[in-house]
Amino acid sequence: SHATNPSNSQEINTMSKDEETLIKDALSKEDVNEEVKEAKSEIDAAEDDDEGVTGDFEVTKEEMSIIRAELACEFPEDYTYLSDAYVKSVASKPYSKDPSIRRPIEYTMEKLTHVMEWREEVGAPEMETLIHLVNGSEYSDEAKENPEKLVKAKALAVSLNNASLYWHGFTKEGKPVLWIRCGRKSWYPNVEAEVNALILIADAGIKCMPEGVTDFVVISDSNSPPPPVPSFLINVLKALVRGYPDRLNMLLTAPVGSIIQFVMNLLMPLMPGRLAGKFLLKDMDNATEIMKDMLMNGEEDIPTFLGGTADHDQYYPDEYYAKNQGEGSLKFDYFGMIERLKEQAKIWEEKFGTKEEAEE
C-alpha cells in the first residue's frame, strides 16, 4: 500500500461517485443485517444500562484494596491499566436493581472483570509490543522469531501511518482529545488492524490522563469520509461497549453528510441508551462554538482542518509526507504523541489544578 499523493486520487474518486452511491456499494459487499443481529446480542449481553450514570456513593479504602488485589491476582500483566479513579467511578455507582443503594462489590468486580477479560481476548495488553516490533528492523531476532506477530504489527503500522487517528491536547476539564480525520482513512481497510489501532491509541490516551480524569472526548472531521465499512463500524461499537464502558464523554462530528447519517442510522439501534446521547452531529458553525467552549485554550486549539489555526500536520502529516520513525515501517509518530500528551497533561494540571479543583 504505497501512499499516493493526497491531492489527487481520493478526490477524483469522491467527485465521480457521490456519497449515496458509495453507501450502496458498501452495503452490497457485506451481509450487514446478519452482522447487526450478532452485534445486537453481544452488546445486549454486555450491557446493564448504567453507561453515563455517575456514582456518588462512598467506596472505602479497604474496598478499593480488595478490588485491586483481586484484579492483580486475576490479571497480573494488565491490572495497572485501570486507575484508582476509574475503579472508584465504577464501584461508586448506584445498584441497577435498587438505585437507592450502592452496587455490591461483587457486582463491581464482575463489571471490571468483563473489561479485563475482553482486553485479554483481543490482545489489548500486547498492542504496544507490536509498535516496538514494527518500529525496529524486520531482520531483528524478535522479528524473525515471531513471523505472525510481525505480520500483525505491519498491518497495525499501515492503519496508523495515515494519521487519521491521534490524541492531541485536552479539554478545560482535563479530558484528552482524540481527533479522527475521516478524509485520511483508507477506502479498503483491514478491519482487524483498524480495530487494533483504535485499541492501541485509546489505551495510550487513557494512560496519559491527569489524575482523577477517567474519560475522553472525540472530535471527528467528517469532511470527506471514505465509503462506510459496516463491519468496522460495528466492531468499533462492540469494543467501546465491552472494553471502554464510561470512557467516552462525548463524540462531536462535523459536518454531517449522508455517509455520516448512514453510519449513525446503522449504529444507533445497537447503542445502549445513554451512549447514543453522547454523539453530537453538528454543522461547522455549531461545532466551532462547542470547540471554543470546550478545548483547553479555546479557539486557538481548533485545528486548521476544522477552520481554526492550530497546525496538527507538523506532528501528524499526511502519509505521503511522513518519514519512517525507526528502522521499520512505522511512519506515525506514536511515541512523540505520548510525550506531547504527557506534557500537555502537566500544563493542564498547572493551569486548572487537579480534577477536583477544576470541577469547583
# chains A, B, ... in the order shown; residues from 1 in each chain; ligands from 1
>>> residues_around(residues="Phe332 in chain A", least_positions_apart="4", cutoff="12 Å", atoms="only C-alpha atoms", output="ChimeraX atom specification")
/A:131,134-135,156-166,197,201,313-326,328,336-338
>>> write_last_selection(atoms="N, CA and C atoms", output="mmCIF file, in the first residue's frame")
data_model
loop_
_atom_site.group_PDB
_atom_site.id
_atom_site.type_symbol
_atom_site.label_atom_id
_atom_site.label_comp_id
_atom_site.auth_asym_id
_atom_site.auth_seq_id
_atom_site.Cartn_x
_atom_site.Cartn_y
_atom_site.Cartn_z
ATOM 1 N N ILE A 131 4.039 -2.251 18.300
ATOM 2 C CA ILE A 131 4.609 -0.985 17.830
ATOM 3 C C ILE A 131 6.136 -1.015 17.914
ATOM 4 N N VAL A 134 7.425 -3.286 15.071
ATOM 5 C CA VAL A 134 7.355 -2.763 13.698
ATOM 6 C C VAL A 134 8.168 -1.486 13.527
ATOM 7 N N ASN A 135 8.601 -0.901 14.653
ATOM 8 C CA ASN A 135 9.452 0.283 14.565
ATOM 9 C C ASN A 135 10.929 -0.123 14.461
ATOM 10 N N LEU A 156 -0.832 -3.205 11.581
ATOM 11 C CA LEU A 156 -1.141 -2.137 12.536
ATOM 12 C C LEU A 156 -0.474 -0.827 12.095
ATOM 13 N N ALA A 157 0.784 -0.914 11.661
ATOM 14 C CA ALA A 157 1.500 0.284 11.197
ATOM 15 C C ALA A 157 0.795 0.912 10.002
ATOM 16 N N VAL A 158 0.305 0.071 9.078
ATOM 17 C CA VAL A 158 -0.415 0.600 7.907
ATOM 18 C C VAL A 158 -1.636 1.394 8.362
ATOM 19 N N SER A 159 -2.362 0.869 9.357
ATOM 20 C CA SER A 159 -3.556 1.571 9.862
ATOM 21 C C SER A 159 -3.215 2.888 10.551
ATOM 22 N N LEU A 160 -2.052 2.930 11.210
ATOM 23 C CA LEU A 160 -1.667 4.148 11.933
ATOM 24 C C LEU A 160 -1.044 5.198 11.014
ATOM 25 N N ASN A 161 -0.340 4.724 9.972
ATOM 26 C CA ASN A 161 0.506 5.619 9.175
ATOM 27 C C ASN A 161 -0.242 6.743 8.464
ATOM 28 N N ASN A 162 -1.555 6.549 8.205
ATOM 29 C CA ASN A 162 -2.269 7.647 7.531
ATOM 30 C C ASN A 162 -2.650 8.759 8.504
ATOM 31 N N ALA A 163 -2.293 8.609 9.781
ATOM 32 C CA ALA A 163 -2.538 9.645 10.805
ATOM 33 C C ALA A 163 -3.978 10.142 10.797
ATOM 34 N N SER A 164 -4.896 9.180 10.727
ATOM 35 C CA SER A 164 -6.315 9.551 10.745
ATOM 36 C C SER A 164 -6.867 9.518 12.170
ATOM 37 N N LEU A 165 -5.997 9.163 13.121
ATOM 38 C CA LEU A 165 -6.440 8.974 14.497
ATOM 39 C C LEU A 165 -5.280 9.295 15.436
ATOM 40 N N TYR A 166 -5.439 10.297 16.302
ATOM 41 C CA TYR A 166 -4.367 10.606 17.258
ATOM 42 C C TYR A 166 -4.893 11.481 18.388
ATOM 43 N N ALA A 197 -5.663 -0.714 15.968
ATOM 44 C CA ALA A 197 -5.096 0.638 16.053
ATOM 45 C C ALA A 197 -5.900 1.478 17.044
ATOM 46 N N ILE A 201 -4.401 3.098 20.439
ATOM 47 C CA ILE A 201 -4.450 4.550 20.638
ATOM 48 C C ILE A 201 -5.308 4.896 21.865
ATOM 49 N N ASP A 313 -0.623 19.204 11.441
ATOM 50 C CA ASP A 313 0.122 18.484 10.400
ATOM 51 C C ASP A 313 1.630 18.512 10.618
ATOM 52 N N GLN A 314 2.104 19.437 11.455
ATOM 53 C CA GLN A 314 3.549 19.435 11.748
ATOM 54 C C GLN A 314 3.925 18.181 12.536
ATOM 55 N N TYR A 315 2.957 17.629 13.278
ATOM 56 C CA TYR A 315 3.228 16.401 14.042
ATOM 57 C C TYR A 315 2.677 15.165 13.331
ATOM 58 N N TYR A 316 1.542 15.354 12.672
ATOM 59 C CA TYR A 316 0.841 14.231 12.041
ATOM 60 C C TYR A 316 0.575 14.554 10.573
ATOM 61 N N PRO A 317 1.650 14.564 9.772
ATOM 62 C CA PRO A 317 1.466 14.943 8.372
ATOM 63 C C PRO A 317 0.708 13.857 7.601
ATOM 64 N N ASP A 318 0.227 14.243 6.433
ATOM 65 C CA ASP A 318 -0.340 13.256 5.531
ATOM 66 C C ASP A 318 0.738 12.198 5.271
ATOM 67 N N GLU A 319 0.322 10.968 5.100
ATOM 68 C CA GLU A 319 1.276 9.854 4.984
ATOM 69 C C GLU A 319 2.301 10.071 3.871
ATOM 70 N N TYR A 320 1.860 10.738 2.819
ATOM 71 C CA TYR A 320 2.737 10.996 1.671
ATOM 72 C C TYR A 320 4.002 11.752 2.111
ATOM 73 N N TYR A 321 3.854 12.593 3.148
ATOM 74 C CA TYR A 321 4.983 13.418 3.607
ATOM 75 C C TYR A 321 5.651 12.867 4.866
ATOM 76 N N ALA A 322 5.116 11.768 5.412
ATOM 77 C CA ALA A 322 5.637 11.255 6.687
ATOM 78 C C ALA A 322 6.906 10.442 6.475
ATOM 79 N N LYS A 323 7.826 10.544 7.433
ATOM 80 C CA LYS A 323 9.080 9.789 7.335
ATOM 81 C C LYS A 323 9.037 8.599 8.292
ATOM 82 N N ASN A 324 9.801 7.566 7.984
ATOM 83 C CA ASN A 324 9.840 6.415 8.885
ATOM 84 C C ASN A 324 10.417 6.829 10.232
ATOM 85 N N GLN A 325 9.812 6.326 11.310
ATOM 86 C CA GLN A 325 10.245 6.692 12.661
ATOM 87 C C GLN A 325 11.549 5.986 13.031
ATOM 88 N N GLY A 326 11.554 4.668 12.883
ATOM 89 C CA GLY A 326 12.748 3.899 13.249
ATOM 90 C C GLY A 326 13.269 3.163 12.029
ATOM 91 N N GLY A 328 11.914 0.340 11.013
ATOM 92 C CA GLY A 328 10.826 -0.456 10.446
ATOM 93 C C GLY A 328 9.886 0.366 9.586
ATOM 94 N N GLY A 336 6.115 10.162 20.018
ATOM 95 C CA GLY A 336 6.031 11.623 20.144
ATOM 96 C C GLY A 336 4.659 12.057 20.627
ATOM 97 N N MET A 337 3.624 11.374 20.125
ATOM 98 C CA MET A 337 2.250 11.682 20.535
ATOM 99 C C MET A 337 2.106 11.525 22.055
ATOM 100 N N ILE A 338 2.662 10.440 22.587
ATOM 101 C CA ILE A 338 2.556 10.183 24.027
ATOM 102 C C ILE A 338 3.348 11.221 24.827
#
>>> residues_around(residues="range 35-43 of chain A", least_positions_apart="2", cutoff="10 Å", atoms="only C-alpha atoms", output="VMD selection string")
chain A and resid 30 to 33 45 to 48 230 to 231 234 to 235 237 to 242 266 to 267 269 to 272
>>> select_by_dssp(residues="range 199-350 of chain A", states="alpha helix (DSSP H)", output="number ranges by chain")
A: 199-207, 230-243, 258-267, 273-276, 284-294, 334-350
>>> closest_residue(among="A:Ala124, A:Val59, A:Met116, A:Leu275", to="Leu251 in chain A", atoms="only C-alpha atoms")
A:Leu275
>>> atom_distance(atom1="CA of Trp179 in chain A", atom2="CA of Asp221 in chain A")
7.7 Å
>>> residues_around(residues="Trp187 in chain A", least_positions_apart="6", cutoff="10 Å", atoms="only C-alpha atoms", output="mmCIF file with C-alpha atoms, in the first residue's frame")
data_model
loop_
_atom_site.group_PDB
_atom_site.id
_atom_site.type_symbol
_atom_site.label_atom_id
_atom_site.label_comp_id
_atom_site.auth_asym_id
_atom_site.auth_seq_id
_atom_site.Cartn_x
_atom_site.Cartn_y
_atom_site.Cartn_z
ATOM 1 C CA GLN A 10 -9.186 10.185 -3.373
ATOM 2 C CA PRO A 225 -15.309 10.299 4.685
ATOM 3 C CA PRO A 226 -14.427 7.078 2.854
ATOM 4 C CA PRO A 227 -17.198 4.654 1.896
ATOM 5 C CA PRO A 228 -18.615 3.192 5.097
ATOM 6 C CA VAL A 229 -17.372 -0.272 6.129
#
>>> residues_around(residues="Leu178 in chain A", least_positions_apart="6", cutoff="9 Å", atoms="only C-alpha atoms", output="ChimeraX atom specification")
/A:165-169,201-202,205,216-220
>>> residues_around(residues="Met109 in chain A", least_positions_apart="5", cutoff="10 Å", atoms="only C-alpha atoms", output="PyMOL selection string")
chain A and resi 66-68+70-71+87+90-91+104+114-115
>>> write_last_selection(atoms="C-alpha atoms", output="compact mmCIF listing (two decimals), in the first residue's frame")
# COMPACT_ATOMS: atom_id res chain seq x y z
CA ILE A 66 -9.91 -5.75 47.88
CA ILE A 67 -10.80 -4.85 44.28
CA ARG A 68 -7.18 -4.01 43.46
CA GLU A 70 -8.40 -9.37 43.07
CA LEU A 71 -7.58 -7.68 39.77
CA VAL A 87 -12.25 1.73 39.58
CA VAL A 90 -17.43 2.12 38.58
CA ALA A 91 -17.68 0.98 42.23
CA PRO A 104 -22.32 -4.53 45.72
CA HIS A 114 -15.57 -8.33 31.97
CA VAL A 115 -13.50 -5.38 30.76
>>> atom_distance(atom1="CA of Arg181 in chain A", atom2="CA of Glu126 in chain A")
25.7 Å
>>> closest_residue(among="A:Asn146, A:Pro125, A:Thr309, A:Arg340", to="Glu77 in chain A", atoms="only C-alpha atoms")
A:Pro125
>>> select_by_dssp(residues="range 73-275 of chain A", states="strand (DSSP E or B)", output="ChimeraX atom specification")
/A:94-95,98-102,165-171,176-181,216-221,248-254
>>> write_last_selection(atoms="N, CA, C and O atoms", output="compact mmCIF listing (two decimals), in the first residue's frame")
# COMPACT_ATOMS: atom_id res chain seq x y z
N PRO A 94 -24.82 3.67 41.67
CA PRO A 94 -25.98 3.06 42.30
C PRO A 94 -26.23 1.65 41.73
O PRO A 94 -25.82 1.37 40.60
N TYR A 95 -26.87 0.83 42.48
CA TYR A 95 -27.17 -0.55 42.06
C TYR A 95 -28.34 -0.52 41.09
O TYR A 95 -29.38 0.08 41.40
N ASP A 98 -31.60 -1.62 42.56
CA ASP A 98 -32.15 -0.73 43.58
C ASP A 98 -31.27 0.52 43.68
O ASP A 98 -30.30 0.55 44.44
N PRO A 99 -31.61 1.56 42.93
CA PRO A 99 -30.75 2.75 42.82
C PRO A 99 -30.56 3.52 44.13
O PRO A 99 -29.72 4.42 44.19
N SER A 100 -31.30 3.16 45.17
CA SER A 100 -31.11 3.90 46.44
C SER A 100 -29.89 3.40 47.20
O SER A 100 -29.46 4.02 48.17
N ILE A 101 -29.34 2.27 46.77
CA ILE A 101 -28.12 1.77 47.42
C ILE A 101 -26.98 1.64 46.41
O ILE A 101 -27.22 1.60 45.19
N ARG A 102 -25.77 1.56 46.94
CA ARG A 102 -24.62 1.39 46.06
C ARG A 102 -24.58 -0.05 45.55
O ARG A 102 -25.00 -0.98 46.24
N LEU A 165 -6.00 9.16 13.12
CA LEU A 165 -6.44 8.97 14.50
C LEU A 165 -5.28 9.29 15.44
O LEU A 165 -4.24 8.65 15.36
N TYR A 166 -5.44 10.30 16.30
CA TYR A 166 -4.37 10.61 17.26
C TYR A 166 -4.89 11.48 18.39
O TYR A 166 -5.91 12.16 18.24
N TRP A 167 -4.19 11.44 19.50
CA TRP A 167 -4.51 12.32 20.63
C TRP A 167 -3.75 13.63 20.47
O TRP A 167 -2.59 13.63 20.09
N HIS A 168 -4.41 14.73 20.81
CA HIS A 168 -3.69 16.00 20.83
C HIS A 168 -4.46 16.99 21.70
O HIS A 168 -5.57 17.38 21.37
N GLY A 169 -3.86 17.35 22.82
CA GLY A 169 -4.48 18.38 23.67
C GLY A 169 -5.56 17.84 24.59
O GLY A 169 -5.91 16.66 24.57
N PHE A 170 -6.07 18.76 25.41
CA PHE A 170 -7.06 18.42 26.43
C PHE A 170 -8.23 19.41 26.40
O PHE A 170 -8.12 20.49 25.84
N THR A 171 -9.31 19.02 27.05
CA THR A 171 -10.41 19.96 27.25
C THR A 171 -10.12 20.76 28.53
O THR A 171 -9.19 20.43 29.27
N PRO A 176 -8.50 14.12 27.67
CA PRO A 176 -7.71 14.14 26.43
C PRO A 176 -8.62 14.12 25.21
O PRO A 176 -9.74 13.57 25.27
N VAL A 177 -8.17 14.72 24.12
CA VAL A 177 -8.99 14.82 22.90
C VAL A 177 -8.42 13.90 21.82
O VAL A 177 -7.25 14.01 21.44
N LEU A 178 -9.28 13.01 21.34
CA LEU A 178 -8.92 12.10 20.26
C LEU A 178 -9.48 12.67 18.96
O LEU A 178 -10.68 12.89 18.84
N TRP A 179 -8.58 12.95 18.02
CA TRP A 179 -9.00 13.52 16.73
C TRP A 179 -9.12 12.41 15.69
O TRP A 179 -8.23 11.58 15.56
N ILE A 180 -10.23 12.42 14.95
CA ILE A 180 -10.40 11.47 13.84
C ILE A 180 -10.51 12.29 12.56
O ILE A 180 -11.33 13.21 12.48
N ARG A 181 -9.67 11.96 11.59
CA ARG A 181 -9.71 12.68 10.31
C ARG A 181 -10.17 11.72 9.23
O ARG A 181 -9.40 10.99 8.63
N PHE A 216 -12.71 10.49 27.99
CA PHE A 216 -12.09 11.31 26.93
C PHE A 216 -13.15 11.83 25.96
O PHE A 216 -14.31 11.43 26.00
N VAL A 217 -12.71 12.74 25.12
CA VAL A 217 -13.57 13.37 24.12
C VAL A 217 -13.04 13.02 22.72
O VAL A 217 -11.83 12.94 22.53
N VAL A 218 -13.94 12.80 21.79
CA VAL A 218 -13.54 12.53 20.40
C VAL A 218 -14.09 13.64 19.52
O VAL A 218 -15.26 14.02 19.64
N ILE A 219 -13.23 14.18 18.65
CA ILE A 219 -13.70 15.17 17.67
C ILE A 219 -13.36 14.62 16.29
O ILE A 219 -12.21 14.33 15.99
N SER A 220 -14.40 14.47 15.47
CA SER A 220 -14.21 13.85 14.17
C SER A 220 -14.44 14.87 13.04
O SER A 220 -15.49 15.51 12.99
N ASP A 221 -13.44 15.01 12.19
CA ASP A 221 -13.56 15.84 11.00
C ASP A 221 -14.12 14.95 9.89
O ASP A 221 -13.43 14.10 9.36
N LEU A 248 -16.04 7.15 27.04
CA LEU A 248 -16.36 8.20 26.06
C LEU A 248 -17.24 9.24 26.73
O LEU A 248 -18.34 8.95 27.19
N ASN A 249 -16.73 10.47 26.81
CA ASN A 249 -17.53 11.54 27.39
C ASN A 249 -18.45 12.14 26.33
O ASN A 249 -19.60 12.46 26.59
N MET A 250 -17.91 12.26 25.10
CA MET A 250 -18.67 12.88 24.03
C MET A 250 -17.95 12.67 22.70
O MET A 250 -16.72 12.67 22.67
N LEU A 251 -18.70 12.47 21.64
CA LEU A 251 -18.10 12.45 20.30
C LEU A 251 -18.79 13.52 19.47
O LEU A 251 -20.01 13.50 19.31
N LEU A 252 -17.98 14.46 19.00
CA LEU A 252 -18.50 15.55 18.17
C LEU A 252 -18.07 15.31 16.73
O LEU A 252 -16.88 15.11 16.46
N THR A 253 -19.03 15.28 15.81
CA THR A 253 -18.65 15.10 14.41
C THR A 253 -19.26 16.20 13.56
O THR A 253 -20.40 16.59 13.75
N ALA A 254 -18.46 16.75 12.65
CA ALA A 254 -18.92 17.83 11.77
C ALA A 254 -18.08 17.83 10.50
O ALA A 254 -16.91 17.46 10.54
>>> closest_residue(among="A:Val122, A:Ala85, A:Met64, A:Ala345", to="Gly212 in chain A", atoms="only C-alpha atoms")
A:Ala85
>>> residues_around(residues="Glu300 in chain A", least_positions_apart="4", cutoff="9 Å", atoms="only C-alpha atoms", output="ChimeraX atom specification")
/A:292,295,308-310
>>> atom_distance(atom1="CA of Ile105 in chain A", atom2="CA of Glu173 in chain A")
28.7 Å
>>> closest_residue(among="A:Ser65, A:Asn286, A:Ser258, A:Ser92", to="Ile23 in chain A", atoms="only C-alpha atoms")
A:Ser258
>>> residues_around(residues="Pro210 in chain A", least_positions_apart="4", cutoff="12 Å", atoms="only C-alpha atoms", output="mmCIF file with C-alpha atoms, in the first residue's frame")
data_model
loop_
_atom_site.group_PDB
_atom_site.id
_atom_site.type_symbol
_atom_site.label_atom_id
_atom_site.label_comp_id
_atom_site.auth_asym_id
_atom_site.auth_seq_id
_atom_site.Cartn_x
_atom_site.Cartn_y
_atom_site.Cartn_z
ATOM 1 C CA SER A 83 -6.645 3.699 37.513
ATOM 2 C CA ALA A 85 -10.191 6.903 39.806
ATOM 3 C CA TYR A 86 -11.777 4.662 37.164
ATOM 4 C CA GLY A 169 -4.479 18.377 23.670
ATOM 5 C CA PHE A 170 -7.061 18.419 26.432
ATOM 6 C CA THR A 171 -10.412 19.959 27.254
ATOM 7 C CA LYS A 172 -10.782 22.525 30.030
ATOM 8 C CA GLU A 173 -11.894 19.618 32.245
ATOM 9 C CA GLY A 174 -8.668 17.701 31.615
ATOM 10 C CA LYS A 175 -10.112 15.131 29.230
ATOM 11 C CA PRO A 176 -7.709 14.145 26.433
ATOM 12 C CA GLY A 205 -4.609 8.189 25.885
ATOM 13 C CA ILE A 206 -6.130 6.548 28.943
ATOM 14 C CA THR A 214 -11.454 8.822 33.633
ATOM 15 C CA ASP A 215 -12.997 9.701 30.274
ATOM 16 C CA PHE A 216 -12.092 11.307 26.934
ATOM 17 C CA LEU A 341 0.204 14.309 25.643
ATOM 18 C CA LYS A 342 2.109 13.914 28.925
ATOM 19 C CA GLU A 343 3.486 17.444 28.574
ATOM 20 C CA GLN A 344 0.023 18.810 27.793
ATOM 21 C CA ALA A 345 -1.363 16.967 30.851
ATOM 22 C CA LYS A 346 1.214 18.747 33.027
ATOM 23 C CA ILE A 347 0.282 22.099 31.501
ATOM 24 C CA TRP A 348 -3.395 21.378 32.182
ATOM 25 C CA GLU A 349 -2.641 20.477 35.803
ATOM 26 C CA GLU A 350 -0.698 23.720 36.269
ATOM 27 C CA PHE A 352 -6.510 24.136 36.105
ATOM 28 C CA GLY A 353 -5.209 22.180 39.093
ATOM 29 C CA THR A 354 -6.417 18.640 39.666
ATOM 30 C CA LYS A 355 -9.789 17.400 38.516
ATOM 31 C CA GLU A 356 -11.450 18.172 41.871
ATOM 32 C CA ALA A 358 -11.440 22.087 38.002
#
